[in-house]
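*Asks:* I am sharing protein.cif, which consists of mmCIF, C-alpha atoms:
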data_query
loop_
_atom_site.group_PDB
_atom_site.id
_atom_site.type_symbol
_atom_site.label_atom_id
_atom_site.label_comp_id
_atom_site.auth_asym_id
_atom_site.auth_seq_id
_atom_site.Cartn_x
_atom_site.Cartn_y
_atom_site.Cartn_z
ATOM 1 C CA ILE A 209 26.834 -177.372 -42.830
ATOM 2 C CA TRP A 210 26.680 -178.399 -46.494
ATOM 3 C CA GLY A 211 23.163 -177.007 -46.757
ATOM 4 C CA ILE A 212 24.224 -173.667 -45.289
ATOM 5 C CA PHE A 213 27.175 -173.551 -47.738
ATOM 6 C CA ASN A 214 24.910 -174.196 -50.728
ATOM 7 C CA MET A 215 22.423 -171.569 -49.495
ATOM 8 C CA SER A 216 25.193 -168.984 -49.155
ATOM 9 C CA LYS A 217 26.517 -169.876 -52.592
ATOM 10 C CA ARG A 218 23.053 -169.416 -54.163
ATOM 11 C CA LYS A 219 22.599 -166.142 -52.339
ATOM 12 C CA LEU A 220 25.995 -164.865 -53.561
ATOM 13 C CA LYS A 221 25.166 -165.846 -57.121
ATOM 14 C CA SER A 222 21.828 -164.021 -56.864
ATOM 15 C CA ILE A 223 23.533 -160.900 -55.533
ATOM 16 C CA ASP A 224 26.060 -160.978 -58.414
ATOM 17 C CA ILE A 225 23.340 -161.309 -61.039
ATOM 18 C CA ASP A 226 21.211 -158.602 -59.432
ATOM 19 C CA PHE A 227 24.201 -156.300 -59.266
ATOM 20 C CA PHE A 228 24.907 -156.625 -63.001
ATOM 21 C CA LYS A 229 21.215 -156.273 -63.850
ATOM 22 C CA LYS A 230 21.013 -153.003 -61.943
ATOM 23 C CA ASN A 231 24.253 -151.651 -63.405
ATOM 24 C CA LYS A 232 23.798 -152.292 -67.100
ATOM 25 C CA LYS A 233 26.080 -149.492 -68.222
ATOM 26 C CA LEU A 234 28.912 -150.693 -65.990
ATOM 27 C CA THR A 235 28.331 -154.250 -67.188
ATOM 28 C CA PHE A 236 28.561 -153.107 -70.809
ATOM 29 C CA TYR A 237 31.856 -151.305 -70.180
ATOM 30 C CA LEU A 238 33.314 -154.307 -68.351
ATOM 31 C CA MET A 239 32.349 -156.592 -71.238
ATOM 32 C CA MET A 240 33.953 -154.223 -73.759
ATOM 33 C CA ILE A 241 37.160 -154.070 -71.711
ATOM 34 C CA MET A 242 37.292 -157.869 -71.514
ATOM 35 C CA LEU A 243 36.738 -158.102 -75.273
ATOM 36 C CA LEU A 244 39.555 -155.642 -75.995
ATOM 37 C CA ILE A 245 41.904 -157.542 -73.692
ATOM 38 C CA ALA A 246 41.019 -160.805 -75.457
ATOM 39 C CA LEU A 247 41.668 -159.246 -78.886
ATOM 40 C CA LEU A 248 45.004 -157.828 -77.724
ATOM 41 C CA ILE A 249 46.119 -161.192 -76.358
ATOM 42 C CA SER A 250 45.045 -162.875 -79.581
ATOM 43 C CA LYS A 251 47.015 -160.372 -81.699
ATOM 44 C CA LEU A 252 50.122 -160.751 -79.564
ATOM 45 C CA ASN A 253 49.913 -164.532 -79.755
ATOM 46 C CA PHE A 254 49.489 -164.417 -83.535
ATOM 47 C CA SER A 255 52.466 -162.113 -83.958
ATOM 48 C CA TYR A 256 54.653 -164.228 -81.738
ATOM 49 C CA GLY A 257 53.633 -167.427 -83.452
ATOM 50 C CA SER A 258 54.321 -166.157 -86.966
ATOM 51 C CA SER A 259 56.952 -163.490 -87.626
ATOM 52 C CA LYS A 260 58.673 -163.596 -84.235
ATOM 53 C CA THR A 261 59.685 -167.203 -84.669
ATOM 54 C CA PHE A 262 61.047 -166.660 -88.176
ATOM 55 C CA ILE A 263 62.834 -163.287 -88.078
ATOM 56 C CA SER A 264 65.023 -161.555 -85.534
ATOM 57 C CA ASP A 265 66.665 -158.172 -86.116
ATOM 58 C CA ASN A 266 66.147 -158.298 -89.910
ATOM 59 C CA VAL A 267 67.597 -161.807 -90.244
ATOM 60 C CA LEU A 268 65.677 -165.027 -90.871
ATOM 61 C CA ILE A 269 66.325 -167.447 -88.038
ATOM 62 C CA HIS A 270 68.822 -170.076 -89.133
ATOM 63 C CA GLY A 271 67.459 -173.611 -89.272
ATOM 64 C CA GLU A 272 63.772 -172.654 -89.373
ATOM 65 C CA LYS A 273 61.466 -174.229 -91.963
ATOM 66 C CA ILE A 274 59.575 -172.007 -94.383
ATOM 67 C CA GLY A 275 57.365 -174.076 -96.635
ATOM 68 C CA SER A 276 59.495 -177.107 -97.438
ATOM 69 C CA ALA A 277 62.770 -175.163 -97.308
ATOM 70 C CA THR A 278 65.344 -174.883 -94.534
ATOM 71 C CA VAL A 279 66.564 -171.375 -93.770
ATOM 72 C CA ILE A 280 70.325 -170.753 -93.978
ATOM 73 C CA SER A 281 71.309 -167.390 -92.542
ATOM 74 C CA ASP A 282 74.385 -168.043 -90.413
ATOM 75 C CA ASN A 283 76.904 -166.647 -92.895
ATOM 76 C CA LEU A 284 75.638 -163.298 -94.142
ATOM 77 C CA LEU A 285 77.893 -161.492 -96.597
ATOM 78 C CA ASP A 286 79.805 -158.375 -95.608
ATOM 79 C CA THR A 287 80.315 -155.193 -97.602
ATOM 80 C CA GLY A 288 82.262 -155.466 -100.848
ATOM 81 C CA SER A 289 82.013 -154.806 -104.575
ATOM 82 C CA CYS A 290 78.351 -155.829 -104.773
ATOM 83 C CA ILE A 291 77.139 -155.045 -101.266
ATOM 84 C CA SER A 292 77.240 -151.467 -99.999
ATOM 85 C CA GLY A 293 75.974 -152.091 -96.486
ATOM 86 C CA GLN A 294 73.729 -149.037 -96.794
ATOM 87 C CA ILE A 295 70.708 -149.192 -94.491
ATOM 88 C CA ILE A 296 67.352 -148.858 -96.260
ATOM 89 C CA LYS A 297 63.689 -148.670 -95.306
ATOM 90 C CA PRO A 298 61.991 -151.345 -97.421
ATOM 91 C CA THR A 299 58.514 -150.707 -98.759
ATOM 92 C CA ASP A 300 58.170 -153.745 -101.038
ATOM 93 C CA VAL A 301 59.225 -157.324 -101.548
ATOM 94 C CA VAL A 302 60.474 -157.665 -105.118
ATOM 95 C CA ILE A 303 60.309 -161.022 -106.904
ATOM 96 C CA HIS A 304 63.033 -162.059 -109.358
ATOM 97 C CA GLN A 305 64.112 -165.284 -111.021
ATOM 98 C CA THR A 306 67.771 -166.187 -111.244
ATOM 99 C CA GLY A 307 68.028 -166.846 -114.983
ATOM 100 C CA CYS A 308 70.266 -169.833 -114.134
ATOM 101 C CA ILE A 309 68.553 -173.134 -114.908
ATOM 102 C CA ASP A 310 68.999 -175.919 -112.325
ATOM 103 C CA VAL A 311 71.371 -173.771 -110.257
ATOM 104 C CA ASP A 312 70.319 -174.104 -106.652
ATOM 105 C CA ALA A 313 70.349 -171.541 -103.820
ATOM 106 C CA ASP A 314 73.727 -172.590 -102.384
ATOM 107 C CA ARG A 315 75.488 -172.122 -105.724
ATOM 108 C CA MET A 316 73.823 -168.720 -106.175
ATOM 109 C CA TYR A 317 75.138 -167.734 -102.753
ATOM 110 C CA GLU A 318 78.683 -168.788 -103.678
ATOM 111 C CA SER A 319 78.481 -166.832 -106.920
ATOM 112 C CA LEU A 320 77.459 -163.660 -105.097
ATOM 113 C CA LYS A 321 80.150 -164.217 -102.483
ATOM 114 C CA ASN A 322 82.830 -164.487 -105.187
ATOM 115 C CA ALA A 323 81.553 -161.406 -107.011
ATOM 116 C CA ASN A 324 81.420 -159.400 -103.795
ATOM 117 C CA ASN A 325 85.037 -160.322 -103.031
ATOM 118 C CA ASP A 326 86.227 -159.328 -106.511
ATOM 119 C CA PRO A 327 87.309 -155.660 -106.476
ATOM 120 C CA TYR A 328 86.814 -155.483 -110.252
ATOM 121 C CA ALA A 329 83.216 -156.780 -110.289
ATOM 122 C CA GLY A 330 81.157 -154.837 -112.779
ATOM 123 C CA THR A 331 84.134 -153.913 -114.959
ATOM 124 C CA SER A 332 85.726 -155.474 -118.036
ATOM 125 C CA TYR A 333 88.395 -156.964 -115.760
ATOM 126 C CA SER A 334 85.925 -159.292 -114.086
ATOM 127 C CA GLN A 335 83.499 -162.034 -115.073
ATOM 128 C CA TYR A 336 81.065 -160.852 -112.400
ATOM 129 C CA ARG A 337 78.339 -158.231 -112.619
ATOM 130 C CA LYS A 338 77.874 -155.646 -109.907
ATOM 131 C CA ALA A 339 74.623 -157.173 -108.749
ATOM 132 C CA SER A 340 73.273 -158.510 -105.468
ATOM 133 C CA TRP A 341 70.041 -159.591 -103.822
ATOM 134 C CA THR A 342 68.673 -160.191 -100.349
ATOM 135 C CA ILE A 343 67.459 -163.817 -100.335
ATOM 136 C CA THR A 344 67.575 -166.817 -102.663
ATOM 137 C CA VAL A 345 64.670 -169.275 -102.584
ATOM 138 C CA GLY A 346 65.047 -172.827 -103.840
ATOM 139 C CA TYR A 347 62.857 -175.892 -103.527
ATOM 140 C CA ASP A 348 64.605 -177.072 -100.349
ATOM 141 C CA LYS A 349 66.724 -174.123 -99.149
ATOM 142 C CA ILE A 350 66.195 -170.434 -98.453
ATOM 143 C CA ILE A 351 69.519 -168.607 -98.157
ATOM 144 C CA GLN A 352 69.774 -165.040 -96.881
ATOM 145 C CA ASN A 353 72.684 -163.021 -98.227
ATOM 146 C CA VAL A 354 72.299 -159.712 -96.371
ATOM 147 C CA PRO A 355 69.985 -158.280 -93.677
ATOM 148 C CA LEU A 356 66.505 -157.286 -94.807
ATOM 149 C CA ASN A 357 67.322 -153.614 -94.292
ATOM 150 C CA TRP A 358 70.508 -153.596 -96.393
ATOM 151 C CA GLN A 359 70.590 -152.250 -99.917
ATOM 152 C CA ALA A 360 70.984 -154.735 -102.756
ATOM 153 C CA TYR A 361 71.736 -153.945 -106.411
ATOM 154 C CA ALA A 362 68.832 -155.909 -107.868
ATOM 155 C CA GLN A 363 65.952 -153.800 -109.161
ATOM 156 C CA GLY A 364 67.846 -151.903 -111.850
ATOM 157 C CA THR A 365 66.942 -148.463 -110.487
ATOM 158 C CA GLU A 366 68.258 -146.486 -107.535
ATOM 159 C CA TYR A 367 64.768 -146.087 -106.117
ATOM 160 C CA GLY A 368 64.102 -149.819 -106.352
ATOM 161 C CA ASN A 369 67.403 -150.703 -104.736
ATOM 162 C CA LEU A 370 66.652 -148.380 -101.821
ATOM 163 C CA THR A 371 63.131 -149.651 -101.181
ATOM 164 C CA GLY A 372 63.035 -153.331 -102.136
ATOM 165 C CA ILE A 373 63.747 -156.602 -100.352
ATOM 166 C CA SER A 374 64.860 -158.633 -103.353
ATOM 167 C CA ILE A 375 64.034 -162.330 -103.584
ATOM 168 C CA GLU A 376 65.598 -164.474 -106.303
ATOM 169 C CA ILE A 377 63.669 -167.671 -107.030
ATOM 170 C CA CYS A 378 65.620 -170.580 -108.480
ATOM 171 C CA MET A 379 64.602 -172.062 -111.841
ATOM 172 C CA TYR A 380 64.259 -175.804 -112.426
ATOM 173 C CA ASN A 381 63.593 -178.047 -115.380
ATOM 174 C CA ASN A 382 61.626 -180.163 -112.903
ATOM 175 C CA MET A 383 58.077 -178.807 -112.645
ATOM 176 C CA TYR A 384 57.538 -180.123 -109.110
ATOM 177 C CA LYS A 385 60.719 -178.497 -107.813
ATOM 178 C CA GLN A 386 59.720 -175.247 -109.500
ATOM 179 C CA ARG A 387 56.269 -175.262 -107.946
ATOM 180 C CA GLN A 388 57.749 -175.918 -104.532
ATOM 181 C CA ALA A 389 60.233 -173.060 -104.942
ATOM 182 C CA TYR A 390 57.312 -170.746 -105.732
ATOM 183 C CA LEU A 391 55.322 -171.976 -102.741
ATOM 184 C CA ASN A 392 58.346 -171.426 -100.485
ATOM 185 C CA ALA A 393 58.698 -167.866 -101.806
ATOM 186 C CA ILE A 394 54.993 -167.247 -101.203
ATOM 187 C CA GLU A 395 55.291 -168.391 -97.572
ATOM 188 C CA LEU A 396 58.394 -166.229 -97.177
ATOM 189 C CA TYR A 397 56.529 -163.178 -98.482
ATOM 190 C CA LYS A 398 53.743 -163.704 -95.946
ATOM 191 C CA ILE A 399 56.284 -163.900 -93.124
ATOM 192 C CA LEU A 400 58.062 -160.750 -94.304
ATOM 193 C CA LYS A 401 54.767 -158.888 -94.600
ATOM 194 C CA ASN A 402 53.804 -159.887 -91.090
ATOM 195 C CA TYR A 403 57.221 -158.836 -89.775
ATOM 196 C CA GLN A 404 56.874 -155.379 -91.309
ATOM 197 C CA ASP A 405 53.387 -153.998 -91.826
ATOM 198 C CA GLY A 406 52.705 -152.424 -95.189
ATOM 199 C CA LEU A 407 55.205 -154.333 -97.343
ATOM 200 C CA GLY A 408 53.904 -154.538 -100.900
ATOM 201 C CA LEU A 409 54.575 -157.160 -103.557
ATOM 202 C CA LYS A 410 56.262 -156.248 -106.833
ATOM 203 C CA LYS A 411 58.106 -157.905 -109.671
ATOM 204 C CA HIS A 412 61.438 -156.820 -111.142
ATOM 205 C CA GLN A 413 59.635 -155.797 -114.330
ATOM 206 C CA ASP A 414 57.789 -153.063 -112.441
ATOM 207 C CA TYR A 415 61.009 -151.055 -112.070
ATOM 208 C CA ASN A 416 62.843 -151.164 -115.375
ATOM 209 C CA GLY A 417 60.712 -153.270 -117.703
ATOM 210 C CA LYS A 418 62.944 -156.342 -117.597
ATOM 211 C CA GLN A 419 61.203 -159.654 -118.355
ATOM 212 C CA CYS A 420 61.638 -160.869 -114.782
ATOM 213 C CA PRO A 421 60.523 -163.065 -113.052
ATOM 214 C CA GLU A 422 60.810 -164.652 -116.476
ATOM 215 C CA TRP A 423 58.981 -167.956 -116.095
ATOM 216 C CA LEU A 424 56.119 -166.502 -114.053
ATOM 217 C CA LEU A 425 55.581 -163.859 -116.747
ATOM 218 C CA GLU A 426 55.687 -166.555 -119.423
ATOM 219 C CA GLY A 427 53.383 -168.879 -117.489
ATOM 220 C CA ARG A 428 55.847 -171.776 -117.604
ATOM 221 C CA TYR A 429 54.328 -174.970 -116.111
ATOM 222 C CA ASN A 430 50.950 -173.136 -116.075
ATOM 223 C CA MET A 431 52.058 -171.011 -113.139
ATOM 224 C CA THR A 432 51.705 -167.294 -113.848
ATOM 225 C CA TRP A 433 52.409 -164.037 -112.049
ATOM 226 C CA ASP A 434 48.670 -163.638 -111.409
ATOM 227 C CA TRP A 435 48.631 -167.105 -109.813
ATOM 228 C CA PHE A 436 51.645 -166.235 -107.663
ATOM 229 C CA GLU A 437 50.146 -162.893 -106.601
ATOM 230 C CA GLU A 438 46.818 -164.468 -105.649
ATOM 231 C CA LYS A 439 48.555 -167.158 -103.580
ATOM 232 C CA CYS A 440 50.373 -164.409 -101.686
ATOM 233 C CA LYS A 441 47.003 -162.938 -100.679
ATOM 234 C CA GLU A 442 45.631 -166.192 -99.254
#
Could you rewrite the structure in this file as structure tokens?
*Replies:*
Amino acid sequence: IWGIFNMSKRKLKSIDIDFFKKNKKLTFYLMMIMLLIALLISKLNFSYGSSKTFISDNVLIHGEKIGSATVISDNLLDTGSCISGQIIKPTDVVIHQTGCIDVDADRMYESLKNANNDPYAGTSYSQYRKASWTITVGYDKIIQNVPLNWQAYAQGTEYGNLTGISIEICMYNNMYKQRQAYLNAIELYKILKNYQDGLGLKKHQDYNGKQCPEWLLEGRYNMTWDWFEEKCKE
């Protein structure tokens, strides 16, 4: 019985091979279809494993790790003096630096929260500017203030505010913390770009000439804007 089974198996294999030899065009089309299916599965798996696990409905997923930083996004700010709530269609990620030395992401969040709750923000009756931004990146925390598709008053021009996802990077006297904050922002940019195809990378200076992101433009700690931009392309 075993011999008959093996003979039948060899015969079937021979028939299969002969069939594909005689139908080369059909074989070619089948191989192309299989290749396209494999590429599609690979693309879907890549998308799911990168952006899908980090962002949902324009909000970074709370508790995820990006670089060495933990994402905090469970207390987004509502509309107020500094946040209009206007929906935008972002075309770029815009890099800023806070201008506040050794002030971490959580304190930047509290500052924006207080300004947003002050009805006089931006006037002589308040200590707060009418300014806002989308995300703050520190060496160990990434805090999202508003959804990715909400306007923020950050770029200094109306066009910039309507097209930019603004990222403020914290500034540290500690070189190692500063480098890590940059690396976290670089990883964040890659995730944002994967979430929305076509997002460019710009600096605040590109909109109104302001010397921002200040330390990257100065090359503090031997880390420059060119270095940052190249790392974003890796």
*Asks:* What separation in Å, quoted to one decimal, exists between atom CA of A:Glu376 and atom CA of A:Val301?
*Replies:*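 A separation of 10.7 Å between them.
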*Asks:* Return as a ChimeraX atom specification the set of residues that the PyMOL selection byres ((chain A and resi 386) around 12) yields on the displayed structure.
*Replies:* /A:305,309-312,345-348,377-385,387-393,423-424,428-431
*Asks:* Restricted to C-alpha atoms, what would the selected residues look like written as a short mmCIF file (atom, residue, chain, number, x, y, z; two decimals), keeping the file's coordinate frame?
*Replies:*
data_model
loop_
_atom_site.label_atom_id
_atom_site.label_comp_id
_atom_site.auth_asym_id
_atom_site.auth_seq_id
_atom_site.Cartn_x
_atom_site.Cartn_y
_atom_site.Cartn_z
CA GLN A 305 64.11 -165.28 -111.02
CA ILE A 309 68.55 -173.13 -114.91
CA ASP A 310 69.00 -175.92 -112.32
CA VAL A 311 71.37 -173.77 -110.26
CA ASP A 312 70.32 -174.10 -106.65
CA VAL A 345 64.67 -169.28 -102.58
CA GLY A 346 65.05 -172.83 -103.84
CA TYR A 347 62.86 -175.89 -103.53
CA ASP A 348 64.60 -177.07 -100.35
CA ILE A 377 63.67 -167.67 -107.03
CA CYS A 378 65.62 -170.58 -108.48
CA MET A 379 64.60 -172.06 -111.84
CA TYR A 380 64.26 -175.80 -112.43
CA ASN A 381 63.59 -178.05 -115.38
CA ASN A 382 61.63 -180.16 -112.90
CA MET A 383 58.08 -178.81 -112.64
CA TYR A 384 57.54 -180.12 -109.11
CA LYS A 385 60.72 -178.50 -107.81
CA ARG A 387 56.27 -175.26 -107.95
CA GLN A 388 57.75 -175.92 -104.53
CA ALA A 389 60.23 -173.06 -104.94
CA TYR A 390 57.31 -170.75 -105.73
CA LEU A 391 55.32 -171.98 -102.74
CA ASN A 392 58.35 -171.43 -100.48
CA ALA A 393 58.70 -167.87 -101.81
CA TRP A 423 58.98 -167.96 -116.10
CA LEU A 424 56.12 -166.50 -114.05
CA ARG A 428 55.85 -171.78 -117.60
CA TYR A 429 54.33 -174.97 -116.11
CA ASN A 430 50.95 -173.14 -116.08
CA MET A 431 52.06 -171.01 -113.14
#
*Asks:* Applied to this file, what does the PyMOL selection byres ((chain A and resi 319) around 12) return in terms of residues, put as a PyMOL selection string?
*Replies:* chain A and resi 285+290+306+308+311-318+320-326+329+335-341+344+353
*Asks:* With all atoms of stretch 316-332 of chain A from the file as input, state the centre and edge lengths in Å to one decimal of the axis-aligned box that has 6 Å extra on each side, as AutoDock Vina command-line options.
*Replies:*
--center_x 80.6 --center_y -161.4 --center_z -110.3 --size_x 25.5 --size_y 26.9 --size_z 27.6
*Asks:* Check which residues satisfy the PyMOL selection byres ((chain A and resi 404) around 12) in the file shown, then give them as a compact mmCIF listing (two decimals) with C-alpha atoms, in the frame of the given file.
*Replies:*
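What ended up in result-v2.txt:
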# COMPACT_ATOMS: atom_id res chain seq x y z
CA SER A 255 52.47 -162.11 -83.96
CA SER A 258 54.32 -166.16 -86.97
CA SER A 259 56.95 -163.49 -87.63
CA LYS A 260 58.67 -163.60 -84.24
CA ILE A 263 62.83 -163.29 -88.08
CA SER A 264 65.02 -161.56 -85.53
CA ASP A 265 66.67 -158.17 -86.12
CA ASN A 266 66.15 -158.30 -89.91
CA LYS A 297 63.69 -148.67 -95.31
CA PRO A 298 61.99 -151.34 -97.42
CA THR A 299 58.51 -150.71 -98.76
CA ASP A 300 58.17 -153.74 -101.04
CA VAL A 301 59.22 -157.32 -101.55
CA LEU A 356 66.50 -157.29 -94.81
CA ASN A 357 67.32 -153.61 -94.29
CA ILE A 373 63.75 -156.60 -100.35
CA TYR A 397 56.53 -163.18 -98.48
CA LYS A 398 53.74 -163.70 -95.95
CA ILE A 399 56.28 -163.90 -93.12
CA LEU A 400 58.06 -160.75 -94.30
CA LYS A 401 54.77 -158.89 -94.60
CA ASN A 402 53.80 -159.89 -91.09
CA TYR A 403 57.22 -158.84 -89.78
CA ASP A 405 53.39 -154.00 -91.83
CA GLY A 406 52.70 -152.42 -95.19
CA LEU A 407 55.20 -154.33 -97.34
CA GLY A 408 53.90 -154.54 -100.90
*Asks:* A:Ile351, A:Leu234, A:Thr342, A:Met242: which is nearest A:Val302, counting only C-alpha atoms?
*Replies:*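 Using only C-alpha atoms, A:Val302 sits closest to A:Thr342.
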*Asks:* Between A:Thr432, A:Ser289, A:Gln363, A:Asn416, which is the closest to A:His304 once you count only C-alpha atoms?
*Replies:*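 Nearest candidate to A:His304 out of A:Thr432, A:Ser289, A:Gln363, A:Asn416: A:Gln363.
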*Asks:* Find the distance between atom CA of A:Tyr361 and atom CA of A:Ser332 and write it in Å to one decimal.
*Replies:*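 Taking atom CA of A:Tyr361 and atom CA of A:Ser332, their separation equals 18.3 Å.
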*Asks:* Report, in Å to a single decimal, how far apart atom CA of A:Ile394 and atom CA of A:Leu409 are.
*Replies:* 10.4 Å
*Asks:* Mind listing as an MDAnalysis selection string all residues within 12 Å of (75.8, -165.2, -86.8), counting only C-alpha atoms?
*Replies:* chainID A and resid 264:265 267:270 280:286 352 354:355
*Asks:* Which residue gives the smallest distance to A:Glu395 among A:Ala246, A:Cys440, A:Ile295, A:Ile350, with only C-alpha atoms counted?
*Replies:*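 Nearest to A:Glu395: A:Cys440.
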*Asks:* Start from the incomplete input, build N, CA, C and O atoms for stretch 399-416 of chain A, and deliver everything as a PDB file, keeping the file's coordinate frame.
*Replies:*
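Written file, part10.pdb:
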ATOM      1  N   ILE A 399      55.529-164.111 -94.364  1.00  0.00           N
ATOM      2  CA  ILE A 399      56.284-163.900 -93.124  1.00  0.00           C
ATOM      3  C   ILE A 399      56.896-162.503 -93.100  1.00  0.00           C
ATOM      4  O   ILE A 399      56.850-161.804 -92.087  1.00  0.00           O
ATOM      5  N   LEU A 400      57.468-162.087 -94.221  1.00  0.00           N
ATOM      6  CA  LEU A 400      58.062-160.750 -94.304  1.00  0.00           C
ATOM      7  C   LEU A 400      56.997-159.671 -94.113  1.00  0.00           C
ATOM      8  O   LEU A 400      57.219-158.679 -93.408  1.00  0.00           O
ATOM      9  N   LYS A 401      55.842-159.868 -94.710  1.00  0.00           N
ATOM     10  CA  LYS A 401      54.767-158.888 -94.600  1.00  0.00           C
ATOM     11  C   LYS A 401      54.268-158.791 -93.165  1.00  0.00           C
ATOM     12  O   LYS A 401      53.919-157.707 -92.681  1.00  0.00           O
ATOM     13  N   ASN A 402      54.235-159.910 -92.480  1.00  0.00           N
ATOM     14  CA  ASN A 402      53.804-159.887 -91.090  1.00  0.00           C
ATOM     15  C   ASN A 402      54.858-159.247 -90.191  1.00  0.00           C
ATOM     16  O   ASN A 402      54.537-158.586 -89.201  1.00  0.00           O
ATOM     17  N   TYR A 403      56.129-159.417 -90.556  1.00  0.00           N
ATOM     18  CA  TYR A 403      57.221-158.836 -89.775  1.00  0.00           C
ATOM     19  C   TYR A 403      57.233-157.311 -89.886  1.00  0.00           C
ATOM     20  O   TYR A 403      57.489-156.611 -88.923  1.00  0.00           O
ATOM     21  N   GLN A 404      56.921-156.829 -91.097  1.00  0.00           N
ATOM     22  CA  GLN A 404      56.874-155.379 -91.309  1.00  0.00           C
ATOM     23  C   GLN A 404      55.576-155.014 -92.001  1.00  0.00           C
ATOM     24  O   GLN A 404      55.377-155.303 -93.188  1.00  0.00           O
ATOM     25  N   ASP A 405      54.682-154.387 -91.273  1.00  0.00           N
ATOM     26  CA  ASP A 405      53.387-153.998 -91.826  1.00  0.00           C
ATOM     27  C   ASP A 405      53.564-153.093 -93.041  1.00  0.00           C
ATOM     28  O   ASP A 405      54.435-152.232 -93.068  1.00  0.00           O
ATOM     29  N   GLY A 406      52.732-153.326 -94.041  1.00  0.00           N
ATOM     30  CA  GLY A 406      52.705-152.424 -95.189  1.00  0.00           C
ATOM     31  C   GLY A 406      53.591-152.821 -96.352  1.00  0.00           C
ATOM     32  O   GLY A 406      53.600-152.131 -97.377  1.00  0.00           O
ATOM     33  N   LEU A 407      54.356-153.909 -96.228  1.00  0.00           N
ATOM     34  CA  LEU A 407      55.205-154.333 -97.343  1.00  0.00           C
ATOM     35  C   LEU A 407      54.348-154.756 -98.526  1.00  0.00           C
ATOM     36  O   LEU A 407      53.473-155.616 -98.400  1.00  0.00           O
ATOM     37  N   GLY A 408      54.612-154.157 -99.692  1.00  0.00           N
ATOM     38  CA  GLY A 408      53.904-154.538-100.900  1.00  0.00           C
ATOM     39  C   GLY A 408      54.602-155.672-101.625  1.00  0.00           C
ATOM     40  O   GLY A 408      55.650-156.158-101.203  1.00  0.00           O
ATOM     41  N   LEU A 409      54.017-156.100-102.728  1.00  0.00           N
ATOM     42  CA  LEU A 409      54.575-157.160-103.557  1.00  0.00           C
ATOM     43  C   LEU A 409      54.754-156.628-104.968  1.00  0.00           C
ATOM     44  O   LEU A 409      53.805-156.138-105.581  1.00  0.00           O
ATOM     45  N   LYS A 410      55.983-156.703-105.474  1.00  0.00           N
ATOM     46  CA  LYS A 410      56.262-156.248-106.833  1.00  0.00           C
ATOM     47  C   LYS A 410      57.137-157.264-107.552  1.00  0.00           C
ATOM     48  O   LYS A 410      57.735-158.152-106.939  1.00  0.00           O
ATOM     49  N   LYS A 411      57.200-157.103-108.859  1.00  0.00           N
ATOM     50  CA  LYS A 411      58.106-157.905-109.671  1.00  0.00           C
ATOM     51  C   LYS A 411      59.192-157.001-110.240  1.00  0.00           C
ATOM     52  O   LYS A 411      58.983-155.777-110.356  1.00  0.00           O
ATOM     53  N   HIS A 412      60.315-157.585-110.600  1.00  0.00           N
ATOM     54  CA  HIS A 412      61.438-156.820-111.142  1.00  0.00           C
ATOM     55  C   HIS A 412      60.982-155.959-112.324  1.00  0.00           C
ATOM     56  O   HIS A 412      61.387-154.797-112.468  1.00  0.00           O
ATOM     57  N   GLN A 413      60.115-156.499-113.134  1.00  0.00           N
ATOM     58  CA  GLN A 413      59.635-155.797-114.330  1.00  0.00           C
ATOM     59  C   GLN A 413      59.015-154.437-114.009  1.00  0.00           C
ATOM     60  O   GLN A 413      59.071-153.511-114.827  1.00  0.00           O
ATOM     61  N   ASP A 414      58.459-154.309-112.810  1.00  0.00           N
ATOM     62  CA  ASP A 414      57.789-153.063-112.441  1.00  0.00           C
ATOM     63  C   ASP A 414      58.744-151.873-112.372  1.00  0.00           C
ATOM     64  O   ASP A 414      58.309-150.719-112.436  1.00  0.00           O
ATOM     65  N   TYR A 415      60.037-152.139-112.245  1.00  0.00           N
ATOM     66  CA  TYR A 415      61.009-151.055-112.070  1.00  0.00           C
ATOM     67  C   TYR A 415      61.660-150.623-113.376  1.00  0.00           C
ATOM     68  O   TYR A 415      61.754-149.431-113.652  1.00  0.00           O
ATOM     69  N   ASN A 416      62.121-151.568-114.159  1.00  0.00           N
ATOM     70  CA  ASN A 416      62.843-151.164-115.375  1.00  0.00           C
ATOM     71  C   ASN A 416      62.385-151.904-116.634  1.00  0.00           C
ATOM     72  O   ASN A 416      63.048-151.847-117.663  1.00  0.00           O
TER      73      ASN A 416
END
